[in-house]
>>> print(open('work-v5.cif').read())   # mmCIF, C-alpha atoms
data_protein
loop_
_atom_site.label_atom_id
_atom_site.label_comp_id
_atom_site.auth_asym_id
_atom_site.auth_seq_id
_atom_site.Cartn_x
_atom_site.Cartn_y
_atom_site.Cartn_z
CA MET A 260 -8.20 -4.97 -3.17
CA LEU A 261 -8.08 -5.69 -6.90
CA LEU A 262 -10.41 -8.67 -6.77
CA GLY A 263 -13.14 -6.91 -4.86
CA LEU A 264 -13.14 -3.98 -7.24
CA ILE A 265 -13.31 -6.26 -10.26
CA GLN A 266 -16.20 -8.28 -8.91
CA MET A 267 -18.19 -5.23 -7.96
CA PHE A 268 -17.66 -3.46 -11.28
CA ALA A 269 -18.63 -6.62 -13.14
CA GLN A 270 -21.83 -6.95 -11.12
CA VAL A 271 -23.10 -3.39 -11.23
CA THR A 272 -22.12 -2.02 -14.65
CA PRO A 273 -25.24 -2.34 -16.82
CA ALA A 274 -24.90 -4.44 -19.95
CA GLY A 275 -24.42 -2.45 -23.11
CA GLU A 276 -23.16 0.68 -21.39
CA PRO A 277 -19.66 1.89 -22.29
CA PRO A 278 -16.94 1.32 -19.69
CA LEU A 279 -15.84 4.15 -17.46
CA PRO A 280 -13.33 6.58 -18.99
CA LYS A 281 -9.65 5.76 -18.95
CA LEU A 282 -7.36 7.61 -16.58
CA LYS A 283 -7.87 11.32 -17.20
CA THR A 284 -5.25 14.02 -16.84
CA GLU A 285 -7.28 15.80 -14.16
CA THR A 286 -7.64 12.54 -12.20
CA ALA A 287 -3.89 11.91 -12.22
CA GLU A 288 -3.18 15.54 -11.32
CA ALA A 289 -5.62 15.39 -8.39
CA PHE A 290 -3.85 12.32 -7.05
CA ASP A 291 -0.43 13.92 -7.53
CA HIS A 292 -1.61 16.95 -5.54
CA TYR A 293 -2.91 14.65 -2.81
CA VAL A 294 0.43 12.84 -2.65
CA LYS A 295 2.37 16.12 -2.40
CA ARG A 296 0.26 17.16 0.57
CA THR A 297 0.79 13.74 2.17
CA GLU A 298 4.52 13.90 1.50
CA ALA A 299 4.76 17.32 3.18
CA ARG A 300 2.99 15.98 6.26
CA ASN A 301 5.29 12.97 6.42
CA GLU A 302 8.42 15.09 6.09
CA GLY A 303 7.27 17.34 8.92
CA GLU A 304 6.64 14.39 11.22
CA LEU A 305 10.00 12.80 10.41
CA LYS A 306 11.85 16.06 11.11
CA ARG A 307 10.14 16.20 14.49
CA GLY A 308 11.76 12.85 15.28
CA THR A 309 9.38 11.78 18.06
CA GLY A 310 5.88 10.33 18.14
CA LEU A 311 6.44 8.74 14.75
CA LEU A 312 3.63 6.18 14.93
CA TRP A 313 0.06 7.21 14.23
CA VAL A 314 -1.04 5.78 17.59
CA ASP A 315 1.24 8.30 19.34
CA GLY A 316 -1.24 11.02 18.41
CA LEU A 317 -4.07 9.43 20.38
CA PRO A 318 -5.22 10.70 23.79
CA ALA A 319 -3.27 9.12 26.66
CA GLU A 320 -5.79 6.44 27.59
CA GLN A 321 -6.46 5.40 23.99
CA ARG A 322 -2.73 5.45 23.26
CA ALA A 323 -2.05 3.08 26.16
CA GLU A 324 -4.80 0.76 24.93
CA ALA A 325 -3.38 0.82 21.39
CA TYR A 326 0.12 -0.09 22.56
CA ALA A 327 -1.29 -2.91 24.69
CA ALA A 328 -3.14 -4.23 21.62
CA LEU A 329 0.06 -4.06 19.55
CA LYS A 330 1.89 -6.05 22.20
CA ARG A 331 -0.89 -8.68 21.96
CA GLY A 332 -0.19 -9.05 18.26
CA GLU A 333 -2.95 -6.89 16.81
CA VAL A 334 -2.56 -4.61 13.81
CA LYS A 335 -3.77 -1.08 14.52
CA MET A 336 -5.26 0.67 11.49
CA GLN A 337 -6.43 4.20 10.74
CA LYS A 338 -8.12 5.69 7.69
CA LEU A 339 -6.48 8.91 6.55
CA GLU A 340 -7.73 11.80 4.45
CA ILE A 341 -6.08 15.05 3.39
CA LEU A 342 -8.48 17.96 3.80
CA ASP A 343 -8.47 21.46 2.35
CA ASN A 344 -10.29 23.94 4.61
CA GLY A 345 -12.07 21.02 6.23
CA LYS A 346 -13.22 19.51 2.95
CA PRO A 347 -11.90 16.43 1.09
CA LEU A 348 -9.68 17.14 -1.88
CA PRO A 349 -11.64 16.43 -5.08
CA CYS A 350 -10.58 13.60 -7.40
CA PRO A 351 -12.72 13.64 -10.56
CA SER A 352 -13.43 10.21 -12.09
CA GLY A 353 -11.28 8.53 -9.46
CA MET A 354 -11.15 7.34 -5.88
CA ILE A 355 -8.24 7.83 -3.48
CA HIS A 356 -7.79 5.17 -0.79
CA HIS A 357 -5.52 6.20 2.09
CA TRP A 358 -4.75 4.01 5.10
CA THR A 359 -2.00 3.58 7.66
CA GLY A 360 -1.31 0.66 9.96
CA VAL A 361 1.25 -0.40 12.54
CA VAL A 362 2.38 -3.75 13.90
CA PHE A 363 4.83 -4.76 16.64
CA ILE A 364 7.40 -7.52 16.08
CA PRO A 365 8.72 -8.70 19.47
CA ARG A 366 12.41 -9.63 19.88
CA ALA A 367 13.19 -8.31 16.39
CA LYS A 368 15.96 -5.89 15.51
CA LEU A 369 15.80 -3.10 12.95
CA GLU A 370 18.21 -4.98 10.70
CA ASP A 371 15.85 -7.99 10.75
CA VAL A 372 13.01 -5.89 9.38
CA LEU A 373 15.18 -4.17 6.77
CA GLY A 374 16.55 -7.56 5.78
CA VAL A 375 13.05 -8.69 4.82
CA LEU A 376 11.77 -5.46 3.26
CA GLU A 377 14.88 -5.01 1.10
CA ASP A 378 14.92 -8.66 -0.01
CA TYR A 379 12.66 -7.99 -2.99
CA ASP A 380 13.74 -11.13 -4.82
CA LYS A 381 11.88 -13.08 -2.11
CA HIS A 382 8.78 -10.90 -1.82
CA SER A 383 6.93 -13.49 -3.91
CA VAL A 384 7.57 -15.85 -0.99
CA TYR A 385 6.99 -13.43 1.88
CA TYR A 386 3.82 -11.89 0.43
CA ALA A 387 2.30 -14.82 -1.45
CA PRO A 388 -0.25 -15.22 -2.91
CA ASP A 389 -0.68 -11.47 -3.53
CA VAL A 390 2.82 -11.17 -4.99
CA GLU A 391 3.39 -13.77 -7.69
CA ARG A 392 6.78 -12.62 -8.99
CA SER A 393 9.37 -10.24 -7.61
CA LYS A 394 12.90 -9.16 -8.41
CA VAL A 395 15.38 -6.36 -7.90
CA GLU A 396 15.92 -4.68 -11.25
CA SER A 397 18.68 -2.41 -9.97
CA ARG A 398 20.20 -1.20 -6.72
CA ASP A 399 22.40 1.75 -5.85
CA GLY A 400 23.04 1.77 -2.12
CA ASP A 401 19.71 2.37 -0.41
CA HIS A 402 17.88 3.04 -3.69
CA PHE A 403 16.06 0.17 -5.38
CA ARG A 404 14.09 -0.30 -8.57
CA VAL A 405 11.97 -3.42 -8.24
CA PHE A 406 9.46 -5.43 -10.23
CA LEU A 407 6.41 -6.96 -8.55
CA ARG A 408 3.66 -8.95 -10.23
CA PHE A 409 0.43 -8.92 -8.25
CA ARG A 410 -2.17 -11.63 -8.72
CA ARG A 411 -5.60 -11.89 -7.14
CA HIS A 412 -7.95 -14.80 -7.83
CA LYS A 413 -11.45 -15.60 -6.69
CA VAL A 414 -13.89 -16.54 -9.43
CA ILE A 415 -11.95 -14.21 -11.77
CA THR A 416 -8.30 -13.26 -11.79
CA VAL A 417 -6.50 -9.96 -12.23
CA VAL A 418 -2.76 -9.69 -12.72
CA LEU A 419 -0.73 -6.48 -12.61
CA ASN A 420 2.89 -5.93 -13.59
CA THR A 421 4.30 -3.10 -11.50
CA GLU A 422 7.62 -1.31 -11.14
CA HIS A 423 8.59 0.67 -8.06
CA GLU A 424 11.26 3.16 -7.08
CA VAL A 425 12.16 2.69 -3.41
CA GLN A 426 14.49 4.74 -1.22
CA TYR A 427 15.50 3.79 2.33
CA PHE A 428 16.66 6.30 4.93
CA HIS A 429 18.55 5.53 8.17
CA ASP A 430 17.40 8.29 10.49
CA ALA A 431 19.07 7.47 13.81
CA SER A 432 20.04 4.50 15.92
CA GLY A 433 17.11 2.08 15.77
CA LYS A 434 15.07 4.22 13.37
CA ALA A 435 14.56 4.08 9.61
CA HIS A 436 11.97 4.88 6.99
CA SER A 437 11.38 4.30 3.30
CA ARG A 438 9.51 5.86 0.42
CA SER A 439 8.10 3.75 -2.43
CA SER A 440 6.43 4.96 -5.61
CA ALA A 441 4.86 2.77 -8.28
CA VAL A 442 6.27 4.26 -11.47
CA ARG A 443 4.49 1.79 -13.75
CA ILE A 444 1.31 -0.28 -13.32
CA ALA A 445 0.11 -2.42 -16.22
CA GLU A 446 -2.85 -4.77 -16.17
CA VAL A 447 -2.00 -8.14 -17.73
CA GLU A 448 -4.45 -9.83 -20.05
CA ASN A 449 -4.40 -13.64 -20.46
CA ALA A 450 -1.66 -13.95 -17.84
CA GLY A 451 0.41 -17.11 -18.15
CA LYS A 452 -0.88 -17.95 -21.62
CA ASN A 453 0.84 -17.78 -24.99
CA ASP A 454 -1.08 -14.65 -25.90
CA GLU A 455 -0.34 -12.83 -22.61
CA ARG A 456 -0.10 -9.08 -23.10
CA GLU A 457 -0.08 -5.90 -21.08
CA LYS A 458 -2.83 -3.36 -21.49
CA THR A 459 -1.79 0.25 -21.90
CA PRO A 460 -1.33 1.73 -18.41
CA GLY A 461 -4.26 4.01 -17.62
CA ASP A 462 -6.36 2.54 -20.43
CA ASP A 463 -7.48 -0.58 -18.62
CA GLY A 464 -9.94 -1.71 -15.97
CA GLY A 465 -8.87 1.01 -13.58
CA PHE A 466 -8.44 -1.40 -10.69
CA LEU A 467 -5.16 0.23 -9.66
CA TRP A 468 -3.83 3.33 -11.40
CA ARG A 469 -1.42 4.69 -8.82
CA MET A 470 0.17 3.57 -5.54
CA GLU A 471 2.42 5.41 -3.09
CA THR A 472 3.78 3.93 0.13
CA TRP A 473 5.60 5.22 3.21
CA TRP A 474 7.18 2.88 5.79
CA ARG A 475 8.55 3.71 9.25
CA MET A 476 10.49 1.40 11.55
CA GLU A 477 11.42 2.02 15.17
CA GLU A 478 13.27 -0.40 17.45
CA ARG A 479 12.21 -0.11 21.11
CA ASP A 480 10.26 -1.92 23.84
CA GLY A 481 12.08 -5.17 23.07
CA GLY A 482 11.16 -5.31 19.40
CA VAL A 483 10.41 -3.23 16.32
CA TYR A 484 7.32 -1.20 15.51
CA VAL A 485 6.61 -1.23 11.77
CA GLN A 486 4.21 1.28 10.24
CA SER A 487 3.07 1.35 6.63
CA GLU A 488 1.02 4.08 5.00
CA ALA A 489 -0.43 3.63 1.52
CA ALA A 490 -2.33 5.91 -0.83
CA SER A 491 -3.76 4.40 -4.02
CA LEU A 492 -5.88 5.57 -6.92
CA THR A 493 -8.62 3.58 -8.64
CA ARG A 494 -11.38 4.52 -11.05
CA ASP A 495 -14.61 5.77 -9.54
CA ILE A 496 -17.67 3.62 -8.92
CA PRO A 497 -20.40 3.65 -11.62
CA LEU A 498 -22.97 6.39 -11.09
CA GLY A 499 -26.13 5.44 -9.24
CA VAL A 500 -24.81 2.53 -7.19
CA GLY A 501 -22.14 4.23 -5.08
CA TRP A 502 -24.41 4.30 -2.04
CA MET A 503 -24.57 0.51 -2.17
CA ILE A 504 -20.99 -0.60 -2.86
CA ARG A 505 -18.83 2.34 -1.82
CA PRO A 506 -18.49 1.10 1.82
CA PHE A 507 -17.34 -2.30 0.55
CA VAL A 508 -14.83 -0.92 -1.96
CA THR A 509 -13.31 1.56 0.48
CA GLY A 510 -12.80 -1.25 3.00
CA ILE A 511 -10.67 -3.37 0.68
CA PRO A 512 -7.45 -1.29 0.93
CA ARG A 513 -7.57 -1.69 4.72
CA GLU A 514 -7.67 -5.47 4.38
CA THR A 515 -4.76 -5.43 1.93
CA LEU A 516 -2.59 -3.28 4.17
CA THR A 517 -3.43 -5.42 7.19
CA PHE A 518 -2.30 -8.52 5.28
CA THR A 519 0.94 -6.80 4.25
CA LEU A 520 1.83 -5.90 7.83
CA GLU A 521 0.95 -9.35 9.16
CA ALA A 522 2.97 -10.99 6.39
CA THR A 523 5.92 -8.72 7.19
CA ARG A 524 5.84 -9.78 10.84
CA LYS A 525 5.62 -13.44 9.87
CA ALA A 526 8.55 -13.12 7.46
CA VAL A 527 10.71 -11.30 10.01
CA GLU A 528 9.99 -13.94 12.67
CA ALA A 529 10.84 -16.73 10.21
CA HIS A 530 14.01 -14.90 9.18
CA ARG A 531 15.09 -14.58 12.82
CA ALA A 532 14.33 -18.24 13.53
CA SER A 533 16.48 -19.39 10.62
CA ARG A 534 19.56 -17.44 11.69
#
>>> encode(input="work-v5.cif", output="structure tokens")
Amino acid sequence: MLLGLIQMFAQVTPAGEPPLPKLKTETAEAFDHYVKRTEARNEGELKRGTGLLWVDGLPAEQRAEAYAALKRGEVKMQKLEILDNGKPLPCPSGMIHHWTGVVFIPRAKLEDVLGVLEDYDKHSVYYAPDVERSKVESRDGDHFRVFLRFRRHKVITVVLNTEHEVQYFHDASGKAHSRSSAVRIAEVENAGKNDEREKTPGDDGGFLWRMETWWRMEERDGGVYVQSEAASLTRDIPLGVGWMIRPFVTGIPRETLTFTLEATRKAVEAHRASR
């Protein structure tokens, strides 16, 4: 996600023009409003207690096909968007990326999945190379504060230091969900060098300003279904070239979430095998 945005901005921003504005108050407020609407929808679905996966909302034939694909090892993805009277919610000077995906982990138990997700000290192993460093900063029961350093490299490199507040909820036998919010995202300049420093959050490249994540886990059908939903905020694309690169940029979050779900399945399977 980060790499693609960096490369595109570097290629299309005309030389000599000033960079795009730093994170504006109205941009952050628009994202906060979007998240509140998303949170309300999630809470309603969780209270309902059934049909918790996004594929459950499909027509019968498509739903059967989706479950068959999950059993074959596919990751099923869907792009989401919160609408107001049928229109997208505005986000001035920013872009909101919102995706959900689900994967099936055969023969796994709910505790296997939670054992991996809550093991933040090893996320740099489970989710390498995207996660370079990880650690639990504090824990109080099912509430975690964690540090994750993201690194993406391909021609150029971007590194982000991030801190997250995460809460896990045990809903019923075989069911759980979690809520994660990135409370701090800082772009790192000259990462790994003696003069490494963090840029002021919000006054940086704008490659990732905000990130909110919702996870759901349900044990049934001889395994565990794991769903992750993520909403993120980046700076907008330079004026005049959106028609050309917008489809590429908006596709990157999907690829990132797909990798996360596949890596989660791989880590759970390895965890089970080692027991």
>>> resolve_selection(input="work-v5.cif", expression="the PyMOL selection byres ((chain A and resi 526-529) around 10)", output="list of chain:residue names")
A:Ile364, A:Pro365, A:Arg366, A:Ala367, A:Lys368, A:Glu370, A:Asp371, A:Val372, A:Leu373, A:Gly374, A:Val375, A:Leu376, A:His382, A:Val384, A:Tyr385, A:Tyr386, A:Leu520, A:Glu521, A:Ala522, A:Thr523, A:Arg524, A:Lys525, A:His530, A:Arg531, A:Ala532, A:Ser533, A:Arg534
>>> residues_near_point(input="work-v5.cif", point="(0.2, 4.3, 17.8)", cutoff="7 Å", atoms="all atoms listed in the file", output="MDAnalysis selection string")
chainID A and resid 312:316 322 325:326
>>> atom_distance(input="work-v5.cif", atom1="atom CA of A:Thr286", atom2="atom CA of A:Cys350")
5.7 Å
>>> atom_distance(input="work-v5.cif", atom1="atom CA of A:Asp291", atom2="atom CA of A:Pro388")
29.5 Å
>>> atom_distance(input="work-v5.cif", atom1="atom CA of A:Trp474", atom2="atom CA of A:Ile355")
18.7 Å
>>> resolve_selection(input="work-v5.cif", expression="the PyMOL selection byres ((chain A and resi 287) around 9)", output="ChimeraX atom specification")
/A:282-286,288-292,350,353,468-469,492
>>> residues_near_point(input="work-v5.cif", point="(12.3, 5.9, 13.6)", cutoff="12 Å", atoms="only C-alpha atoms", output="PyMOL selection string")
chain A and resi 304-312+369+427-437+474-479+483-486
>>> closest_residue(input="work-v5.cif", among="A:Leu329, A:Ile496, A:Ile444, A:Met470", to="A:Val294", atoms="only C-alpha atoms")
A:Met470
>>> build_atoms(input="work-v5.cif", residues="stretch 427-461 of chain A", atoms="N, CA and C atoms", output="PDB file, in the frame of the given file")
ATOM      1  N   TYR A 427      15.453   3.999   0.885  1.00  0.00           N
ATOM      2  CA  TYR A 427      15.500   3.790   2.330  1.00  0.00           C
ATOM      3  C   TYR A 427      16.360   4.865   2.981  1.00  0.00           C
ATOM      4  N   PHE A 428      15.961   5.256   4.189  1.00  0.00           N
ATOM      5  CA  PHE A 428      16.660   6.300   4.930  1.00  0.00           C
ATOM      6  C   PHE A 428      16.928   5.787   6.356  1.00  0.00           C
ATOM      7  N   HIS A 429      18.180   5.918   6.816  1.00  0.00           N
ATOM      8  CA  HIS A 429      18.550   5.530   8.170  1.00  0.00           C
ATOM      9  C   HIS A 429      18.605   6.807   8.998  1.00  0.00           C
ATOM     10  N   ASP A 430      17.589   7.009   9.821  1.00  0.00           N
ATOM     11  CA  ASP A 430      17.400   8.290  10.490  1.00  0.00           C
ATOM     12  C   ASP A 430      18.256   8.451  11.740  1.00  0.00           C
ATOM     13  N   ALA A 431      18.317   7.438  12.561  1.00  0.00           N
ATOM     14  CA  ALA A 431      19.070   7.470  13.810  1.00  0.00           C
ATOM     15  C   ALA A 431      19.208   6.033  14.289  1.00  0.00           C
ATOM     16  N   SER A 432      19.878   5.843  15.391  1.00  0.00           N
ATOM     17  CA  SER A 432      20.040   4.500  15.920  1.00  0.00           C
ATOM     18  C   SER A 432      18.664   3.889  16.199  1.00  0.00           C
ATOM     19  N   GLY A 433      18.379   2.771  15.545  1.00  0.00           N
ATOM     20  CA  GLY A 433      17.110   2.080  15.770  1.00  0.00           C
ATOM     21  C   GLY A 433      15.938   2.643  15.012  1.00  0.00           C
ATOM     22  N   LYS A 434      16.169   3.618  14.121  1.00  0.00           N
ATOM     23  CA  LYS A 434      15.070   4.220  13.370  1.00  0.00           C
ATOM     24  C   LYS A 434      15.411   4.286  11.878  1.00  0.00           C
ATOM     25  N   ALA A 435      14.398   3.986  11.051  1.00  0.00           N
ATOM     26  CA  ALA A 435      14.560   4.080   9.610  1.00  0.00           C
ATOM     27  C   ALA A 435      13.197   4.288   8.969  1.00  0.00           C
ATOM     28  N   HIS A 436      13.216   4.767   7.734  1.00  0.00           N
ATOM     29  CA  HIS A 436      11.970   4.880   6.990  1.00  0.00           C
ATOM     30  C   HIS A 436      12.264   4.681   5.507  1.00  0.00           C
ATOM     31  N   SER A 437      11.210   4.469   4.742  1.00  0.00           N
ATOM     32  CA  SER A 437      11.380   4.300   3.300  1.00  0.00           C
ATOM     33  C   SER A 437      10.232   4.963   2.563  1.00  0.00           C
ATOM     34  N   ARG A 438      10.493   5.233   1.299  1.00  0.00           N
ATOM     35  CA  ARG A 438       9.510   5.860   0.420  1.00  0.00           C
ATOM     36  C   ARG A 438       9.457   5.059  -0.870  1.00  0.00           C
ATOM     37  N   SER A 439       8.266   4.573  -1.230  1.00  0.00           N
ATOM     38  CA  SER A 439       8.100   3.750  -2.430  1.00  0.00           C
ATOM     39  C   SER A 439       7.042   4.357  -3.336  1.00  0.00           C
ATOM     40  N   SER A 440       7.367   4.425  -4.623  1.00  0.00           N
ATOM     41  CA  SER A 440       6.430   4.960  -5.610  1.00  0.00           C
ATOM     42  C   SER A 440       6.314   3.997  -6.775  1.00  0.00           C
ATOM     43  N   ALA A 441       5.085   3.629  -7.114  1.00  0.00           N
ATOM     44  CA  ALA A 441       4.860   2.770  -8.280  1.00  0.00           C
ATOM     45  C   ALA A 441       4.971   3.631  -9.531  1.00  0.00           C
ATOM     46  N   VAL A 442       6.031   3.441 -10.293  1.00  0.00           N
ATOM     47  CA  VAL A 442       6.270   4.260 -11.470  1.00  0.00           C
ATOM     48  C   VAL A 442       5.621   3.672 -12.719  1.00  0.00           C
ATOM     49  N   ARG A 443       5.183   2.420 -12.613  1.00  0.00           N
ATOM     50  CA  ARG A 443       4.490   1.790 -13.750  1.00  0.00           C
ATOM     51  C   ARG A 443       3.559   0.707 -13.225  1.00  0.00           C
ATOM     52  N   ILE A 444       2.294   0.747 -13.664  1.00  0.00           N
ATOM     53  CA  ILE A 444       1.310  -0.280 -13.320  1.00  0.00           C
ATOM     54  C   ILE A 444       0.595  -0.677 -14.597  1.00  0.00           C
ATOM     55  N   ALA A 445       0.723  -1.934 -14.985  1.00  0.00           N
ATOM     56  CA  ALA A 445       0.110  -2.420 -16.220  1.00  0.00           C
ATOM     57  C   ALA A 445      -0.721  -3.657 -15.940  1.00  0.00           C
ATOM     58  N   GLU A 446      -1.981  -3.603 -16.311  1.00  0.00           N
ATOM     59  CA  GLU A 446      -2.850  -4.770 -16.170  1.00  0.00           C
ATOM     60  C   GLU A 446      -2.482  -5.800 -17.236  1.00  0.00           C
ATOM     61  N   VAL A 447      -2.407  -7.071 -16.820  1.00  0.00           N
ATOM     62  CA  VAL A 447      -2.000  -8.140 -17.730  1.00  0.00           C
ATOM     63  C   VAL A 447      -3.217  -8.924 -18.178  1.00  0.00           C
ATOM     64  N   GLU A 448      -3.355  -9.064 -19.466  1.00  0.00           N
ATOM     65  CA  GLU A 448      -4.450  -9.830 -20.050  1.00  0.00           C
ATOM     66  C   GLU A 448      -3.952 -11.216 -20.436  1.00  0.00           C
ATOM     67  N   ASN A 449      -4.759 -12.258 -20.149  1.00  0.00           N
ATOM     68  CA  ASN A 449      -4.400 -13.640 -20.460  1.00  0.00           C
ATOM     69  C   ASN A 449      -3.067 -14.036 -19.815  1.00  0.00           C
ATOM     70  N   ALA A 450      -2.918 -13.689 -18.550  1.00  0.00           N
ATOM     71  CA  ALA A 450      -1.660 -13.950 -17.840  1.00  0.00           C
ATOM     72  C   ALA A 450      -1.318 -15.424 -17.838  1.00  0.00           C
ATOM     73  N   GLY A 451      -0.067 -15.734 -18.149  1.00  0.00           N
ATOM     74  CA  GLY A 451       0.410 -17.110 -18.150  1.00  0.00           C
ATOM     75  C   GLY A 451       0.133 -17.883 -19.413  1.00  0.00           C
ATOM     76  N   LYS A 452      -0.576 -17.274 -20.367  1.00  0.00           N
ATOM     77  CA  LYS A 452      -0.880 -17.950 -21.620  1.00  0.00           C
ATOM     78  C   LYS A 452       0.036 -17.453 -22.738  1.00  0.00           C
ATOM     79  N   ASN A 453      -0.021 -18.154 -23.877  1.00  0.00           N
ATOM     80  CA  ASN A 453       0.840 -17.780 -24.990  1.00  0.00           C
ATOM     81  C   ASN A 453       0.550 -16.381 -25.520  1.00  0.00           C
ATOM     82  N   ASP A 454      -0.707 -15.958 -25.381  1.00  0.00           N
ATOM     83  CA  ASP A 454      -1.080 -14.650 -25.900  1.00  0.00           C
ATOM     84  C   ASP A 454      -1.142 -13.596 -24.783  1.00  0.00           C
ATOM     85  N   GLU A 455      -0.386 -13.821 -23.703  1.00  0.00           N
ATOM     86  CA  GLU A 455      -0.340 -12.830 -22.610  1.00  0.00           C
ATOM     87  C   GLU A 455       0.126 -11.486 -23.161  1.00  0.00           C
ATOM     88  N   ARG A 456      -0.522 -10.422 -22.700  1.00  0.00           N
ATOM     89  CA  ARG A 456      -0.100  -9.080 -23.100  1.00  0.00           C
ATOM     90  C   ARG A 456      -0.488  -8.084 -22.026  1.00  0.00           C
ATOM     91  N   GLU A 457       0.233  -6.980 -22.007  1.00  0.00           N
ATOM     92  CA  GLU A 457      -0.080  -5.900 -21.080  1.00  0.00           C
ATOM     93  C   GLU A 457      -1.018  -4.904 -21.756  1.00  0.00           C
ATOM     94  N   LYS A 458      -2.004  -4.452 -21.020  1.00  0.00           N
ATOM     95  CA  LYS A 458      -2.830  -3.360 -21.490  1.00  0.00           C
ATOM     96  C   LYS A 458      -2.075  -2.050 -21.275  1.00  0.00           C
ATOM     97  N   THR A 459      -2.434  -1.044 -22.043  1.00  0.00           N
ATOM     98  CA  THR A 459      -1.790   0.250 -21.900  1.00  0.00           C
ATOM     99  C   THR A 459      -2.088   0.822 -20.519  1.00  0.00           C
ATOM    100  N   PRO A 460      -1.070   1.165 -19.741  1.00  0.00           N
ATOM    101  CA  PRO A 460      -1.330   1.730 -18.410  1.00  0.00           C
ATOM    102  C   PRO A 460      -2.263   2.933 -18.475  1.00  0.00           C
ATOM    103  N   GLY A 461      -3.282   2.925 -17.630  1.00  0.00           N
ATOM    104  CA  GLY A 461      -4.260   4.010 -17.620  1.00  0.00           C
ATOM    105  C   GLY A 461      -5.414   3.803 -18.560  1.00  0.00           C
TER     106      GLY A 461
END
